[in-house]
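Contents: one structure, followed by commentary.
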Amino acid sequence: MYKLESKAIHLHYGDFHALKGIDMKVTENSVVSLIGPSGCGKSTYLRLFNRMNDLIDGVKIEGQILLDGKDIYDKNTKVDELRKKVGMVFQKPNPFPKSIFENVAFGLRVNGIKHSSYIEERVETSLKQAALWDEVKDKLKKSALALSGGQQQRLCIARALAIEPSILLMDEPASALDPISTAKIEELIYELKKNYTILIVTHNMQQASRVSDYTAFFYLGELVEFGATRDIFTNPVNTRTQNYITGRFG
Amino acid sequence: MKRWSDIIFKYFGLACTFIGLFLLSVFIYKIISIGIERIDWNFLTNYPSRRPERAGILSAIMGSVWIIVLTAIISVPIGISAGLYLEEYGKGKTWYNKLIELNITNLAGVPSIIYGLLGLEIFNRSLSLGGSLLSGASTLALLILPIIIVSTREAVRAVPNSIREASFALGASKWQTVWRAVIPSSLSGILTGVILAISRAVGEAAPLIVVGALAYVPFVPNGPMSDFTVLPIQIFNWTSRPQHGFLVNASAAIIVLLAITLFLNLIVIIMRIRREKLTKK
C-alpha cells in the first residue's frame with residue numbers, strides 16, 4: 001500500500017482552475033520533490049495533504065487524497081488529528097514570538113499534553129533531529145526570534161517533528177536561506193527520510209536532484225511527469241519537462 | 001522641480017510639528033509656574049474646602065483611581081473580545097459584520113457628552129444606579145470601547161498570517177490559535193491601545209457631570225455604589241471660582257492629572273520595550 005495517494009484531484013479558487021486532475025502515488029519513507037514554474041500549483045497541491053487550503057475562502061476540491069488508504073477529505077476525518085500526522089514547514093521561517101523551548105512544545109501543548117518531563121524529552125529529541133540542539137541547548141528560554149534565519153527554519157522543522165508526524169510537507173524550505181544553511185537543511189532531509197515520508201516543493205533543480213527519490217513536474221495546474229528523480233533528470237519523457245529542467249523556460 | 005517641492009514640504013511639516021509642540025510646552029510651562037508651589041502633602045491628602053489654601057484633592061484622586069479601575073474592568077474584556085471577534089472570526093463576511101464595523105468606527109467619533117446623556121438614561125435612571133461610581137465607570141467604558149476595539153483589531157491585523165498557519169499546521173484549533181499564537185503576538189499592541197484608551201477616560205469630565213458625579217465630595221469612595229468626583233471635575237469646578245487661590249489649586253490639580261496620564265503612558269512604553277526584548281532579541 002502507498003503512504004499517500006491522490007486520485008483525480010481538481011481544485012478551484014473561485015473561477016480559477018488551479019489543479020487539473022492530479023494522480024500521484026507516494027511510497028513510505030521516500031522523498032518526493034515537486035518542481036515547476038511559479039504559479040503552477042505546486043504549493044497548492046502540497047497544502048492539500050494537511051488541508052491547509054481549507055483556510056482559504058472559495059476553494060473547491062474534488063477527488064480523493066488517501067493517507068494510509070483513508071480519504072482525508074472524508075466527513076469523518078478530524079482535521080486537527082490529520083495535521084498531527086502530517087507536519088508542515090513553510091517557505092519563510094515562522095517561529096512564534098515565544099522562547100525556543102515553547103516553540104517546539106507548542107504542538108504538544110495544543111494537543112493536550114501536560115506531562116512536563118515528556119515535553120522536555122520531546123523538545124530535546126526534536127531539536128537533536130533537526131540538528132539544532134548543540135546550538136541552542138544553553139538558551140532554550142531565549143526568544144526564538146533571536147536565532148538566525150537558518151536556525152529559525154531548523155527550529156520550525158523541530159517544531160513540526162515534536163508531535164511525531166509520519167509525513168513532512170516542505171514548501172520551499174530553503175529558498176530564504178544562505179547556501180550553508182541550505183546544505184544543512186538538505187542533510188537534514190536526507191536523515192529524516194529514514195523515518196518520514198517527505199514532500200518538498202523546490203525551485204532549485206540541483207536541490208531536487210540531490211534530495212529526492214521521486215520528482216513531479218507541474219505545469220499550469222497539471223502533473224506533466226512523475227517518476228524516479230534519476231529518470232526525470234537524465235531521461236525525461238516529456239519535452240516540456242526536458243525544457244524546464246535544462247533551463248530553457250520557467 | 002521635484003526636489004524643491006520635497007524640500008518645501010519637509011520644512012512645512014517640520015514647522016507644523018513645532019507649532020503643536022510649542023503651544024503645548026507654553027501651556028505646560030504656565031500651568032507648572034502657577035501651580036507647582038501649591039503641590040504638597042496637604043494638597044494631596046485634604047478634602048475640598050471653601051477656603052482655597054485648605055482645599056485638597058484627596059477625594060478627586062481616589063475617585064479617579066476608582067473610575068480607572070472600574071472602567072478598565074468593564075471595558076477591557078469586552079473591547080478585546082469584540083476586536084478579536086471582528087478580526088479573527090467575522091471579518092466582513094456577513095452584512096451584519098460589515099454594519100458593526102462601520103458603526104464602531106463611527107462611534108469612536110461621537111462627542112463624549114452624548115455618551116454622558118446615554119449613561120444618564122441607561123445607568124443612572126433605567127438601571128437605578130444613580131450618580132454612582134459604577135454608573136460613571138460604565139458610561140466611560142462605553143466611551144472608550146470603540147477605541148479599544150479599533151486598536152485591538154489593528155494589533156491583531158498586524159500579526160502575520162504565517163503565525164496562524166504555523167499554529168494550524170501543528171493541529172491547533174481556531175480557539176487555540178487565537179489564544180496561544182495570535183494574542184501573544186499582538187499583546188503589546190493591544191495593551192498600548194487599552195492604556196491609551198484609559199488615559200482618555202481619566203481626562204473626561206463632561207460625561208461624568210451629566211451622569212451625576214458631584215463637584216463637592218468631602219469623603220473617599222467606599223465602594224462602587226458610592227457618590228464620587230474625579231480630578232477633571234474638581235479642576236473644572238475650581239476654574240469657575242472667582243478667587244485667585246482656586247486658580248492656583250486648579251493648576252496644581254492639572255499637574256497631578258498630567259502626571260497620572262504621563263505615568264500611564266510610561267507604563268505603555270516600558271511594556272513595549274520589554275515586549276520587544278522578548279520578541280526581537
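Chain lettering (A, B, ...) mirrors the order of the C-alpha cells, residue numbering begins at 1 for each chain separately, and ligand numbering begins at 1 in order of display.
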Practice prompt. Would you mind listing what lies within 9 Å of Leu58 (chain B) as a VMD selection string, with only C-alpha atoms counted and same-chain residues fewer than 5 positions away left out?
Written response: chain B and resid 43 to 48 63 218 to 220
Sort by chain and increasing residue number a table of all residues of region 74-98 of chain B within 12 Å of region 187-204 of chain B, each with its closest pair of atoms and their distance in Å to one decimal, counting only C-alpha atoms, and write it as JSON lines.
```
{"residue": "B:Ile74", "atom": "CA", "partner": "B:Ile198", "partner_atom": "CA", "distance": 11.5}
{"residue": "B:Ser75", "atom": "CA", "partner": "B:Val194", "partner_atom": "CA", "distance": 9.0}
{"residue": "B:Val76", "atom": "CA", "partner": "B:Val194", "partner_atom": "CA", "distance": 6.9}
{"residue": "B:Pro77", "atom": "CA", "partner": "B:Val194", "partner_atom": "CA", "distance": 10.2}
{"residue": "B:Ile78", "atom": "CA", "partner": "B:Val194", "partner_atom": "CA", "distance": 11.4}
{"residue": "B:Gly79", "atom": "CA", "partner": "B:Val194", "partner_atom": "CA", "distance": 8.8}
{"residue": "B:Ile80", "atom": "CA", "partner": "B:Ile190", "partner_atom": "CA", "distance": 7.6}
{"residue": "B:Ser81", "atom": "CA", "partner": "B:Ile190", "partner_atom": "CA", "distance": 11.0}
{"residue": "B:Gly83", "atom": "CA", "partner": "B:Ile190", "partner_atom": "CA", "distance": 9.6}
{"residue": "B:Leu84", "atom": "CA", "partner": "B:Ile190", "partner_atom": "CA", "distance": 10.2}
```
Those residues with C-alpha atoms, as a short mmCIF file (atom, residue, chain, number, x, y, z; two decimals), in the first residue's frame please?
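Generated output (part-v3.cif):
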```cif
data_model
loop_
_atom_site.label_atom_id
_atom_site.label_comp_id
_atom_site.auth_asym_id
_atom_site.auth_seq_id
_atom_site.Cartn_x
_atom_site.Cartn_y
_atom_site.Cartn_z
CA ILE B 74 -15.77 46.71 32.41
CA SER B 75 -14.32 47.77 29.07
CA VAL B 76 -11.11 45.77 28.62
CA PRO B 77 -12.53 42.23 28.42
CA ILE B 78 -15.46 43.33 26.26
CA GLY B 79 -13.34 45.50 23.97
CA ILE B 80 -10.60 42.93 23.39
CA SER B 81 -13.11 40.13 22.81
CA GLY B 83 -11.89 43.25 18.48
CA LEU B 84 -10.73 39.64 18.29
#
```
Can you tell me, as a short mmCIF file (atom, residue, chain, number, x, y, z; two decimals) with N, CA and C atoms, in the first residue's frame, what residues are no more than 12 Å from Gly56 (chain B) when counting only C-alpha atoms, ignoring any on the same chain fewer than 4 positions away?
```cif
data_model
loop_
_atom_site.label_atom_id
_atom_site.label_comp_id
_atom_site.auth_asym_id
_atom_site.auth_seq_id
_atom_site.Cartn_x
_atom_site.Cartn_y
_atom_site.Cartn_z
N ARG B 38 1.96 74.89 44.96
CA ARG B 38 0.79 74.50 45.75
C ARG B 38 0.80 73.01 46.07
N ILE B 39 1.60 72.24 45.28
CA ILE B 39 1.57 70.79 45.49
C ILE B 39 2.41 70.42 46.70
N ASP B 40 1.75 69.93 47.73
CA ASP B 40 2.46 69.38 48.88
C ASP B 40 1.59 68.26 49.45
N TRP B 41 2.06 67.68 50.50
CA TRP B 41 1.35 66.53 51.06
C TRP B 41 -0.08 66.89 51.46
N ASN B 42 -0.23 68.11 52.03
CA ASN B 42 -1.57 68.52 52.45
C ASN B 42 -2.53 68.63 51.28
N PHE B 43 -2.01 69.19 50.17
CA PHE B 43 -2.86 69.35 48.98
C PHE B 43 -3.36 67.99 48.49
N LEU B 44 -2.48 66.98 48.58
CA LEU B 44 -2.86 65.65 48.09
C LEU B 44 -3.77 64.91 49.07
N THR B 45 -3.71 65.27 50.35
CA THR B 45 -4.46 64.48 51.33
C THR B 45 -5.63 65.22 51.96
N ASN B 46 -5.88 66.47 51.56
CA ASN B 46 -7.03 67.19 52.12
C ASN B 46 -8.27 67.02 51.25
N TYR B 47 -9.44 67.18 51.91
CA TYR B 47 -10.68 67.21 51.15
C TYR B 47 -10.91 68.61 50.64
N PRO B 48 -11.81 68.79 49.68
CA PRO B 48 -12.07 70.14 49.18
C PRO B 48 -12.62 71.05 50.29
N SER B 49 -12.41 72.33 50.10
CA SER B 49 -12.84 73.28 51.13
C SER B 49 -13.24 74.59 50.48
N ARG B 50 -14.00 75.42 51.26
CA ARG B 50 -14.38 76.72 50.73
C ARG B 50 -13.17 77.63 50.65
N ARG B 51 -12.20 77.37 51.55
CA ARG B 51 -11.02 78.23 51.55
C ARG B 51 -9.92 77.57 50.71
N PRO B 52 -9.46 78.27 49.65
CA PRO B 52 -8.54 77.65 48.70
C PRO B 52 -7.27 77.11 49.36
N ALA B 60 -10.88 63.63 44.94
CA ALA B 60 -10.84 63.59 43.47
C ALA B 60 -9.86 62.53 42.99
N ILE B 61 -8.68 62.45 43.64
CA ILE B 61 -7.70 61.43 43.23
C ILE B 61 -8.29 60.04 43.44
N MET B 62 -8.87 59.82 44.64
CA MET B 62 -9.41 58.49 44.91
C MET B 62 -10.57 58.17 43.96
N TYR B 216 -18.62 68.66 44.88
CA TYR B 216 -18.06 68.79 46.22
C TYR B 216 -18.21 67.47 46.95
N VAL B 217 -17.10 66.77 47.16
CA VAL B 217 -17.16 65.44 47.78
C VAL B 217 -16.19 65.40 48.95
N PRO B 218 -16.65 65.55 50.16
CA PRO B 218 -15.74 65.55 51.30
C PRO B 218 -15.53 64.15 51.89
N PHE B 219 -15.44 63.14 51.05
CA PHE B 219 -15.19 61.78 51.57
C PHE B 219 -14.52 60.96 50.46
N LEU B 231 -10.76 64.07 39.20
CA LEU B 231 -9.87 65.23 39.03
C LEU B 231 -10.37 66.25 38.01
N GLN B 234 -13.11 68.32 39.49
CA GLN B 234 -12.58 69.20 40.52
C GLN B 234 -11.89 70.42 39.87
N ILE B 235 -11.12 70.15 38.83
CA ILE B 235 -10.43 71.23 38.12
C ILE B 235 -11.44 72.18 37.50
N TRP B 238 -13.02 74.31 40.17
CA TRP B 238 -12.14 75.36 40.70
C TRP B 238 -11.93 76.50 39.70
N GLY B 245 -6.86 82.04 44.50
CA GLY B 245 -6.39 80.83 45.16
C GLY B 245 -6.89 79.56 44.50
N PHE B 246 -8.11 79.59 44.00
CA PHE B 246 -8.66 78.40 43.35
C PHE B 246 -8.04 78.17 41.98
N VAL B 248 -4.90 78.78 41.37
CA VAL B 248 -3.66 78.08 41.71
C VAL B 248 -3.96 76.61 41.99
N ASN B 249 -5.03 76.35 42.77
CA ASN B 249 -5.41 74.96 43.04
C ASN B 249 -5.68 74.19 41.76
N ALA B 250 -6.41 74.82 40.83
CA ALA B 250 -6.73 74.15 39.56
C ALA B 250 -5.45 73.79 38.83
N ALA B 252 -2.50 73.28 40.08
CA ALA B 252 -1.83 72.18 40.79
C ALA B 252 -2.52 70.85 40.48
N ALA B 253 -3.85 70.87 40.44
CA ALA B 253 -4.58 69.63 40.15
C ALA B 253 -4.31 69.17 38.72
N VAL B 256 -1.16 67.28 38.65
CA VAL B 256 -1.35 65.91 39.14
C VAL B 256 -1.99 65.04 38.05
#
```
Identify all chain A residues at most 9 Å from chain B by counting only C-alpha atoms; ligands do not count. Present them as a PDB file with C-alpha atoms, in the first residue's frame.
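Once everything was written out, this is iface_7.pdb:
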```
ATOM      1  CA  ASN A  50      -2.733  18.708   5.563  1.00  0.00           C
ATOM      2  CA  ARG A  51      -5.871  20.517   4.403  1.00  0.00           C
ATOM      3  CA  MET A  52      -4.352  23.981   4.747  1.00  0.00           C
ATOM      4  CA  LEU A  55      -8.464  28.036   5.498  1.00  0.00           C
ATOM      5  CA  VAL A  79      -8.583  17.980  10.622  1.00  0.00           C
ATOM      6  CA  ASP A  80      -6.518  18.542  13.786  1.00  0.00           C
ATOM      7  CA  GLU A  81      -5.853  14.792  14.023  1.00  0.00           C
ATOM      8  CA  LEU A  82      -4.743  14.808  10.395  1.00  0.00           C
ATOM      9  CA  ARG A  83      -2.363  17.720  10.952  1.00  0.00           C
ATOM     10  CA  LYS A  84      -0.730  15.824  13.798  1.00  0.00           C
ATOM     11  CA  LYS A  85       0.189  13.113  11.313  1.00  0.00           C
ATOM     12  CA  VAL A  86       1.182  15.499   8.525  1.00  0.00           C
ATOM     13  CA  GLY A  87       3.677  18.146   9.620  1.00  0.00           C
ATOM     14  CA  MET A  88       4.494  21.209   7.575  1.00  0.00           C
ATOM     15  CA  VAL A  89       7.467  23.515   7.136  1.00  0.00           C
ATOM     16  CA  PHE A  90       6.845  26.809   5.385  1.00  0.00           C
ATOM     17  CA  LYS A  92       9.712  31.606   5.315  1.00  0.00           C
ATOM     18  CA  PRO A  93      10.698  30.596   8.826  1.00  0.00           C
ATOM     19  CA  ASN A  94       7.711  31.457  11.021  1.00  0.00           C
ATOM     20  CA  PRO A  95       8.611  30.863  14.666  1.00  0.00           C
ATOM     21  CA  PHE A  96       6.193  32.118  17.309  1.00  0.00           C
ATOM     22  CA  PRO A  97       7.318  35.115  19.369  1.00  0.00           C
ATOM     23  CA  LYS A  98       7.996  32.755  22.263  1.00  0.00           C
ATOM     24  CA  SER A  99      11.039  31.019  23.682  1.00  0.00           C
ATOM     25  CA  PHE A 106       3.619  24.308  21.046  1.00  0.00           C
ATOM     26  CA  GLY A 107       2.306  21.336  19.081  1.00  0.00           C
ATOM     27  CA  LEU A 108       2.430  19.111  22.146  1.00  0.00           C
ATOM     28  CA  VAL A 110      -2.188  22.296  21.818  1.00  0.00           C
ATOM     29  CA  ASN A 111      -2.687  18.561  21.609  1.00  0.00           C
ATOM     30  CA  LYS A 142      15.634  32.791  24.915  1.00  0.00           C
ATOM     31  CA  SER A 143      13.303  34.133  22.258  1.00  0.00           C
ATOM     32  CA  ALA A 144      13.225  32.129  19.040  1.00  0.00           C
ATOM     33  CA  LEU A 145      13.337  35.361  17.055  1.00  0.00           C
ATOM     34  CA  ALA A 146      16.928  35.928  18.164  1.00  0.00           C
ATOM     35  CA  LEU A 147      18.051  32.949  16.052  1.00  0.00           C
ATOM     36  CA  CYS A 156      10.396  25.165  12.581  1.00  0.00           C
ATOM     37  CA  ARG A 159       8.564  22.124  15.928  1.00  0.00           C
ATOM     38  CA  ALA A 160       6.910  20.028  13.223  1.00  0.00           C
ATOM     39  CA  ILE A 163       4.346  15.885  17.526  1.00  0.00           C
TER      40      ILE A 163
END
```
Worksheet item: Which polymer residues have any atom within 10 Å of an atom of Val211 (chain A), counting only C-alpha atoms, with same-chain residues fewer than 5 positions away left out, as a list in words?
Response: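 That gives Ser30, Val31, Val32, Ser33, Glu186, Glu187, Leu188, Ile189, Tyr190, Lys193, Ile200, Gln206 and Thr229 of chain A.
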Worksheet item: Skipping near chain neighbours, those fewer than 2 positions away, what residues fall within 12 Å of Leu129 (chain B) using only C-alpha atoms, listed as JSON, numbers by chain?
Response: {"B": [119, 120, 121, 122, 123, 124, 125, 126, 127, 131, 132, 133, 134, 135, 136, 137, 138, 139, 211, 212, 213, 224, 225, 226, 227]}
With N, CA and C atoms retained, export the selected residues as a compact mmCIF listing (two decimals), in the first residue's frame.
```
# COMPACT_ATOMS: atom_id res chain seq x y z
N GLY B 119 -25.49 57.47 29.25
CA GLY B 119 -25.25 56.91 30.58
C GLY B 119 -26.30 57.36 31.58
N LEU B 120 -26.67 58.63 31.49
CA LEU B 120 -27.69 59.17 32.39
C LEU B 120 -28.98 58.38 32.24
N GLU B 121 -29.37 58.13 30.99
CA GLU B 121 -30.63 57.45 30.74
C GLU B 121 -30.56 55.98 31.14
N ILE B 122 -29.48 55.30 30.71
CA ILE B 122 -29.41 53.85 30.95
C ILE B 122 -28.99 53.52 32.37
N PHE B 123 -27.82 53.99 32.78
CA PHE B 123 -27.26 53.54 34.06
C PHE B 123 -27.88 54.29 35.24
N ASN B 124 -27.93 55.61 35.13
CA ASN B 124 -28.44 56.39 36.25
C ASN B 124 -29.93 56.13 36.47
N ARG B 125 -30.73 56.22 35.40
CA ARG B 125 -32.19 56.13 35.56
C ARG B 125 -32.72 54.71 35.40
N SER B 126 -32.56 54.12 34.18
CA SER B 126 -33.20 52.83 33.92
C SER B 126 -32.70 51.75 34.87
N LEU B 127 -31.38 51.69 35.09
CA LEU B 127 -30.84 50.65 35.97
C LEU B 127 -30.75 51.13 37.41
N GLY B 131 -26.05 58.48 40.61
CA GLY B 131 -24.78 59.10 40.21
C GLY B 131 -23.59 58.40 40.82
N SER B 132 -23.60 57.05 40.81
CA SER B 132 -22.55 56.30 41.50
C SER B 132 -21.32 56.11 40.62
N LEU B 133 -20.25 55.62 41.25
CA LEU B 133 -19.04 55.26 40.52
C LEU B 133 -19.33 54.27 39.41
N LEU B 134 -20.19 53.29 39.73
CA LEU B 134 -20.49 52.24 38.75
C LEU B 134 -21.16 52.85 37.52
N SER B 135 -22.06 53.78 37.78
CA SER B 135 -22.75 54.46 36.69
C SER B 135 -21.74 55.22 35.81
N GLY B 136 -20.85 55.99 36.47
CA GLY B 136 -19.86 56.76 35.74
C GLY B 136 -18.88 55.88 34.99
N ALA B 137 -18.40 54.81 35.66
CA ALA B 137 -17.44 53.92 35.02
C ALA B 137 -18.06 53.22 33.83
N SER B 138 -19.33 52.82 33.95
CA SER B 138 -19.99 52.16 32.82
C SER B 138 -20.09 53.11 31.63
N THR B 139 -20.40 54.37 31.93
CA THR B 139 -20.51 55.36 30.86
C THR B 139 -19.15 55.55 30.16
N VAL B 211 -23.81 62.36 33.99
CA VAL B 211 -24.29 61.15 34.66
C VAL B 211 -24.63 61.43 36.12
N GLY B 212 -23.99 62.45 36.71
CA GLY B 212 -24.37 62.79 38.07
C GLY B 212 -23.26 62.75 39.08
N ALA B 213 -21.99 62.87 38.63
CA ALA B 213 -20.90 62.97 39.57
C ALA B 213 -21.02 64.31 40.29
N PRO B 224 -18.28 50.63 44.85
CA PRO B 224 -18.72 51.03 43.51
C PRO B 224 -20.04 51.80 43.49
N MET B 225 -20.83 51.73 44.59
CA MET B 225 -22.11 52.43 44.57
C MET B 225 -22.00 53.82 45.21
N SER B 226 -20.77 54.19 45.59
CA SER B 226 -20.57 55.45 46.29
C SER B 226 -20.70 56.64 45.33
N ASP B 227 -21.11 57.80 45.90
CA ASP B 227 -21.01 59.05 45.13
C ASP B 227 -19.53 59.38 44.97
```
Discussion item. So that I can check the surroundings of Lys42 (chain A), please list as number ranges by chain every protein, DNA and RNA residue that reaches within 12 Å of it, counting only C-alpha atoms and ignoring chain neighbours fewer than 3 positions away.
Written reply: A: 11, 18-20, 22, 32-39, 45-49, 169-172, 199-203, 215-224
Item to complete: Based on DSSP run over this structure's backbone, return all residues of region 81-128 of chain B in helix (DSSP H, G or I), as a VMD selection string.
Response: chain B and resid 81 to 89 95 to 107 112 to 126
Practice prompt. Would you work out the distance separating CA of Arg230 (chain A) from CA of Met205 (chain A), expressed in Å to one decimal?
Written response: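 Going from CA of Arg230 (chain A) over to CA of Met205 (chain A), I get 12.1 Å.
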